[in-house]
Amino acid sequence: MKLTRRDKRVLAAGFLIAVGIVAWSFVLSPMQQRWMKARASLQADRDDLAKLQRIAGERDSYAQERRRVARMVHETPDLAASQRVVPVLINDVQGLGQECGAKITRYEPLPPKIEESYAVYSLSVAAQCSLPQLVEFLYDLRNLRPAIMVRRLHIVPPGEDAKTQDLSVELLLFTYAIQSADNAAESEATARLPGTAAG
C-alpha cells in the first residue's frame, strides 16, 4: 500500500501532535508546574520577609517607647520591692520641700498596687507652707523625673487666731514603676517555656 501525499501530511501532522502532547506531558507541563511552585514559594518568602520587617519595625518602635517611658518612671527588677521605690519617692519629695521652703510634717507610704507590667506607689504627705511655696512645690513636682503625680490635694487655711499664716496641706502623691528591661525579657521568656507559670 502506497501512501499518498495527503496521507503523508496527515501522518506528519499526527506525529507532530503526538510529539507535542508527549513534550507537553513530560517536559513543558512539569516545568510550568515547577515554575509556578517556585513563584508561589518566592511570593510566600517575600510575604514572610515583609512580615518580619514589619515586626522588627514594631519592635524597634516599642523599644523606643519603652525607653521614653523608662525615663519618666522608676525601673526596678521586682515590682513588689517597695524598698527600691518608696525611699527614692520620699527623698525626692523631701528635697523638693526643702528647696521651696515647705515643711513636710508626715510621710505615710501606702501599699503598692501591682499590675501585670507596672506598679503604682502612693505616698500620703502632710506639709505646712505658704501659698507661693505650695505653688512652687507643685510646679517642681510636675517637672520632676521620675514623675510624681498629685492624686489628691487638700488645703486648710490658717485660722484667725493661728500663730502662723502657713497653709496645712495634705497630698496624696503617686509614682509608677516598671520592671527593668532585662528582667521583663527574662520573665517573658520564662512564661513561654512549657510547664512554667507566667509571672
# chains A, B, ... in the order shown; residues from 1 in each chain; ligands from 1
>>> residues_around(residues="Thr76 in chain A", least_positions_apart="2", cutoff="6 Å", atoms="only C-alpha atoms", output="compact mmCIF listing (two decimals) with C-alpha atoms, in the first residue's frame")
# COMPACT_ATOMS: atom_id res chain seq x y z
CA ASP A 78 10.98 43.47 91.21
CA GLN A 179 10.16 46.15 85.58
CA SER A 180 13.74 46.54 84.34
>>> residues_around(residues="Arg106 in chain A", least_positions_apart="2", cutoff="10 Å", atoms="only C-alpha atoms", output="list in words")
Lys103, Ile104, Glu108, Leu123, Ser124, Val125, Ala126, Ala127 and Glu170 of chain A
>>> write_last_selection(atoms="N, CA, C and O atoms", output="PDB file, in the first residue's frame")
ATOM      1  N   LYS A 103       7.480  72.804 104.808  1.00  0.00           N
ATOM      2  CA  LYS A 103       7.869  71.939 105.921  1.00  0.00           C
ATOM      3  C   LYS A 103       7.014  70.676 105.872  1.00  0.00           C
ATOM      4  O   LYS A 103       5.814  70.716 106.131  1.00  0.00           O
ATOM      5  N   ILE A 104       7.653  69.567 105.529  1.00  0.00           N
ATOM      6  CA  ILE A 104       6.951  68.288 105.458  1.00  0.00           C
ATOM      7  C   ILE A 104       6.851  67.743 106.885  1.00  0.00           C
ATOM      8  O   ILE A 104       7.864  67.557 107.554  1.00  0.00           O
ATOM      9  N   GLU A 108       3.488  58.988 104.775  1.00  0.00           N
ATOM     10  CA  GLU A 108       2.846  57.696 105.028  1.00  0.00           C
ATOM     11  C   GLU A 108       2.749  56.913 103.717  1.00  0.00           C
ATOM     12  O   GLU A 108       1.854  57.155 102.899  1.00  0.00           O
ATOM     13  N   LEU A 123       2.033  57.800  98.245  1.00  0.00           N
ATOM     14  CA  LEU A 123       2.610  58.376  99.457  1.00  0.00           C
ATOM     15  C   LEU A 123       1.696  59.505  99.924  1.00  0.00           C
ATOM     16  O   LEU A 123       1.415  60.439  99.175  1.00  0.00           O
ATOM     17  N   SER A 124       1.221  59.372 101.155  1.00  0.00           N
ATOM     18  CA  SER A 124       0.414  60.436 101.750  1.00  0.00           C
ATOM     19  C   SER A 124       1.370  61.382 102.476  1.00  0.00           C
ATOM     20  O   SER A 124       2.219  60.942 103.250  1.00  0.00           O
ATOM     21  N   VAL A 125       1.241  62.671 102.197  1.00  0.00           N
ATOM     22  CA  VAL A 125       2.171  63.670 102.738  1.00  0.00           C
ATOM     23  C   VAL A 125       1.373  64.794 103.385  1.00  0.00           C
ATOM     24  O   VAL A 125       0.367  65.253 102.836  1.00  0.00           O
ATOM     25  N   ALA A 126       1.833  65.243 104.540  1.00  0.00           N
ATOM     26  CA  ALA A 126       1.265  66.433 105.192  1.00  0.00           C
ATOM     27  C   ALA A 126       2.374  67.472 105.257  1.00  0.00           C
ATOM     28  O   ALA A 126       3.545  67.144 105.514  1.00  0.00           O
ATOM     29  N   ALA A 127       2.019  68.732 105.005  1.00  0.00           N
ATOM     30  CA  ALA A 127       3.028  69.793 104.979  1.00  0.00           C
ATOM     31  C   ALA A 127       2.432  71.105 105.473  1.00  0.00           C
ATOM     32  O   ALA A 127       1.214  71.288 105.480  1.00  0.00           O
ATOM     33  N   GLU A 170      -2.465  68.585 102.721  1.00  0.00           N
ATOM     34  CA  GLU A 170      -2.367  67.126 102.644  1.00  0.00           C
ATOM     35  C   GLU A 170      -2.410  66.733 101.172  1.00  0.00           C
ATOM     36  O   GLU A 170      -3.286  67.168 100.430  1.00  0.00           O
TER      37      GLU A 170
END
>>> residues_around(residues="Val88 in chain A", least_positions_apart="6", cutoff="12 Å", atoms="only C-alpha atoms", output="list in words")
Val73, His74, Glu75, Thr76, Ser82, Gln94, Gly95, Pro109, Tyr121, Leu123, Arg145, Pro146, Ala147, Ile148, Thr175, Tyr176 and Ala177 of chain A
>>> write_last_selection(atoms="C-alpha atoms", output="PDB file, in the first residue's frame")
ATOM      1  CA  VAL A  73       9.175  56.292  85.820  1.00  0.00           C
ATOM      2  CA  HIS A  74      11.176  54.101  88.170  1.00  0.00           C
ATOM      3  CA  GLU A  75      12.739  50.917  86.831  1.00  0.00           C
ATOM      4  CA  THR A  76      13.074  48.044  89.278  1.00  0.00           C
ATOM      5  CA  SER A  82       8.750  48.805  97.813  1.00  0.00           C
ATOM      6  CA  GLN A  94      11.688  65.891 100.937  1.00  0.00           C
ATOM      7  CA  GLY A  95      14.269  67.529  98.653  1.00  0.00           C
ATOM      8  CA  PRO A 109       3.618  55.165 102.285  1.00  0.00           C
ATOM      9  CA  TYR A 121       3.352  53.522  94.586  1.00  0.00           C
ATOM     10  CA  LEU A 123       2.610  58.376  99.457  1.00  0.00           C
ATOM     11  CA  ARG A 145      11.662  62.786  86.717  1.00  0.00           C
ATOM     12  CA  PRO A 146      10.857  60.072  87.583  1.00  0.00           C
ATOM     13  CA  ALA A 147       7.408  61.622  87.523  1.00  0.00           C
ATOM     14  CA  ILE A 148       5.413  62.188  90.710  1.00  0.00           C
ATOM     15  CA  THR A 175       4.553  57.376  91.025  1.00  0.00           C
ATOM     16  CA  TYR A 176       4.906  54.457  88.647  1.00  0.00           C
ATOM     17  CA  ALA A 177       7.481  51.694  88.428  1.00  0.00           C
TER      18      ALA A 177
END
>>> closest_residue(among="A:Met149, A:Ile178, A:Pro87, A:Leu28", to="Tyr118 in chain A", atoms="only C-alpha atoms")
A:Ile178
>>> select_by_dssp(residues="range 37-179 of chain A", states="strand (DSSP E)", output="PyMOL selection string")
chain A and resi 74-76+103-114+118-129+149-156+167-179
>>> select_by_dssp(residues="range 70-182 of chain A", states="helix (DSSP H, G or I)", output="JSON, numbers by chain")
{"A": [70, 71, 72, 82, 83, 84, 85, 86, 87, 88, 89, 90, 91, 92, 93, 94, 95, 96, 97, 98, 99, 100, 131, 132, 133, 134, 135, 136, 137, 138, 139, 140, 141, 142, 143, 181, 182]}
>>> write_last_selection(atoms="N, CA, C and O atoms", output="CSV table (one decimal), in the first residue's frame")
chain,number,residue,atom,x,y,z
A,70,ALA,N,10.6,54.7,80.4
A,70,ALA,CA,11.5,54.4,81.4
A,70,ALA,C,12.2,55.6,82.0
A,70,ALA,O,12.5,55.7,83.2
A,71,ARG,N,12.4,56.7,81.2
A,71,ARG,CA,13.0,57.9,81.7
A,71,ARG,C,12.0,58.7,82.6
A,71,ARG,O,12.4,59.5,83.3
A,72,MET,N,10.7,58.4,82.5
A,72,MET,CA,9.7,59.1,83.3
A,72,MET,C,9.2,58.4,84.5
A,72,MET,O,8.5,58.9,85.4
A,82,SER,N,9.0,47.4,97.4
A,82,SER,CA,8.8,48.8,97.8
A,82,SER,C,10.0,49.5,98.3
A,82,SER,O,10.2,50.7,98.1
A,83,GLN,N,10.9,48.8,98.9
A,83,GLN,CA,12.2,49.4,99.4
A,83,GLN,C,13.0,50.0,98.3
A,83,GLN,O,13.9,50.8,98.6
A,84,ARG,N,12.8,49.7,97.1
A,84,ARG,CA,13.5,50.3,96.0
A,84,ARG,C,12.9,51.6,95.5
A,84,ARG,O,13.6,52.4,94.9
A,85,VAL,N,11.6,51.7,95.6
A,85,VAL,CA,10.9,52.9,95.1
A,85,VAL,C,10.5,53.9,96.1
A,85,VAL,O,10.7,55.1,96.0
A,86,VAL,N,10.0,53.4,97.2
A,86,VAL,CA,9.4,54.4,98.2
A,86,VAL,C,10.5,55.3,98.8
A,86,VAL,O,10.3,56.5,98.9
A,87,PRO,N,11.7,54.8,99.2
A,87,PRO,CA,12.7,55.7,99.8
A,87,PRO,C,13.1,56.8,98.8
A,87,PRO,O,13.3,58.0,99.1
A,88,VAL,N,13.2,56.4,97.5
A,88,VAL,CA,13.5,57.4,96.4
A,88,VAL,C,12.4,58.5,96.3
A,88,VAL,O,12.6,59.7,96.2
A,89,LEU,N,11.1,58.0,96.4
A,89,LEU,CA,10.0,58.9,96.3
A,89,LEU,C,10.0,59.8,97.5
A,89,LEU,O,9.8,61.1,97.4
A,90,ILE,N,10.3,59.3,98.7
A,90,ILE,CA,10.3,60.2,99.9
A,90,ILE,C,11.5,61.2,99.8
A,90,ILE,O,11.3,62.4,100.1
A,91,ASN,N,12.6,60.7,99.4
A,91,ASN,CA,13.8,61.6,99.2
A,91,ASN,C,13.5,62.8,98.2
A,91,ASN,O,13.8,63.9,98.5
A,92,ASP,N,12.9,62.4,97.1
A,92,ASP,CA,12.5,63.4,96.1
A,92,ASP,C,11.6,64.5,96.7
A,92,ASP,O,11.7,65.7,96.5
A,93,VAL,N,10.5,64.0,97.4
A,93,VAL,CA,9.5,64.9,97.9
A,93,VAL,C,10.2,65.8,99.0
A,93,VAL,O,10.0,67.0,99.1
A,94,GLN,N,11.0,65.1,99.9
A,94,GLN,CA,11.7,65.9,100.9
A,94,GLN,C,12.6,67.0,100.3
A,94,GLN,O,12.6,68.1,100.8
A,95,GLY,N,13.4,66.6,99.3
A,95,GLY,CA,14.3,67.5,98.7
A,95,GLY,C,13.5,68.7,98.0
A,95,GLY,O,13.9,69.9,98.2
A,96,LEU,N,12.4,68.4,97.3
A,96,LEU,CA,11.6,69.5,96.7
A,96,LEU,C,11.0,70.4,97.8
A,96,LEU,O,11.0,71.6,97.7
A,97,GLY,N,10.6,69.8,98.9
A,97,GLY,CA,10.0,70.6,100.0
A,97,GLY,C,11.0,71.5,100.6
A,97,GLY,O,10.7,72.7,100.9
A,98,GLN,N,12.3,71.0,100.8
A,98,GLN,CA,13.3,71.9,101.4
A,98,GLN,C,13.7,73.0,100.4
A,98,GLN,O,13.9,74.1,100.8
A,99,GLU,N,13.7,72.7,99.1
A,99,GLU,CA,14.1,73.7,98.1
A,99,GLU,C,13.1,74.9,98.1
A,99,GLU,O,13.5,76.0,97.9
A,100,CYS,N,11.8,74.6,98.2
A,100,CYS,CA,10.8,75.6,98.1
A,100,CYS,C,10.4,76.2,99.5
A,100,CYS,O,9.6,77.1,99.6
A,131,LEU,N,1.2,79.9,100.5
A,131,LEU,CA,0.6,79.7,99.1
A,131,LEU,C,1.7,79.7,98.0
A,131,LEU,O,1.8,78.8,97.2
A,132,PRO,N,2.6,80.7,98.0
A,132,PRO,CA,3.7,80.7,97.0
A,132,PRO,C,4.6,79.5,97.1
A,132,PRO,O,5.0,78.9,96.1
A,133,GLN,N,4.9,79.0,98.3
A,133,GLN,CA,5.7,77.8,98.5
A,133,GLN,C,5.0,76.6,97.9
A,133,GLN,O,5.6,75.7,97.3
A,134,LEU,N,3.6,76.5,98.2
A,134,LEU,CA,2.9,75.4,97.7
A,134,LEU,C,2.8,75.4,96.2
A,134,LEU,O,3.0,74.3,95.6
A,135,VAL,N,2.7,76.6,95.6
A,135,VAL,CA,2.6,76.6,94.1
A,135,VAL,C,4.0,76.2,93.5
A,135,VAL,O,4.0,75.4,92.6
A,136,GLU,N,5.1,76.6,94.1
A,136,GLU,CA,6.4,76.2,93.7
A,136,GLU,C,6.6,74.7,93.9
A,136,GLU,O,7.2,74.1,93.0
A,137,PHE,N,6.2,74.2,95.0
A,137,PHE,CA,6.3,72.8,95.3
A,137,PHE,C,5.6,72.0,94.3
A,137,PHE,O,6.1,71.0,93.7
A,138,LEU,N,4.3,72.3,94.0
A,138,LEU,CA,3.5,71.6,93.0
A,138,LEU,C,4.1,71.7,91.6
A,138,LEU,O,4.1,70.7,90.8
A,139,TYR,N,4.7,72.9,91.2
A,139,TYR,CA,5.3,73.0,89.9
A,139,TYR,C,6.5,72.2,89.8
A,139,TYR,O,6.7,71.5,88.8
A,140,ASP,N,7.3,72.1,90.9
A,140,ASP,CA,8.5,71.3,90.8
A,140,ASP,C,8.2,69.8,90.8
A,140,ASP,O,8.9,69.0,90.1
A,141,LEU,N,7.1,69.4,91.5
A,141,LEU,CA,6.7,68.0,91.4
A,141,LEU,C,6.3,67.6,90.0
A,141,LEU,O,6.6,66.6,89.5
A,142,ARG,N,5.6,68.5,89.3
A,142,ARG,CA,5.2,68.3,88.0
A,142,ARG,C,6.3,68.0,87.0
A,142,ARG,O,6.2,67.2,86.1
A,143,ASN,N,7.4,68.7,87.2
A,143,ASN,CA,8.6,68.6,86.3
A,143,ASN,C,9.6,67.6,86.7
A,143,ASN,O,10.6,67.4,86.0
A,181,ALA,N,14.2,46.3,82.0
A,181,ALA,CA,14.1,45.6,80.7
A,181,ALA,C,14.7,44.2,80.7
A,181,ALA,O,14.1,43.3,80.1
A,182,ASP,N,15.8,44.0,81.4
A,182,ASP,CA,16.4,42.7,81.4
A,182,ASP,C,15.5,41.7,82.1
A,182,ASP,O,15.3,40.6,81.6
>>> closest_residue(among="A:Val150, A:Val120, A:Val22, A:Ala102", to="Leu167 in chain A", atoms="only C-alpha atoms")
A:Ala102
>>> atom_distance(atom1="CA of Ser117 in chain A", atom2="CA of Glu65 in chain A")
14.4 Å
>>> atom_distance(atom1="CA of Leu171 in chain A", atom2="CA of His154 in chain A")
6.4 Å
>>> closest_residue(among="A:Ile114, A:Ala12, A:Val156, A:Leu144", to="Cys129 in chain A", atoms="only C-alpha atoms")
A:Val156
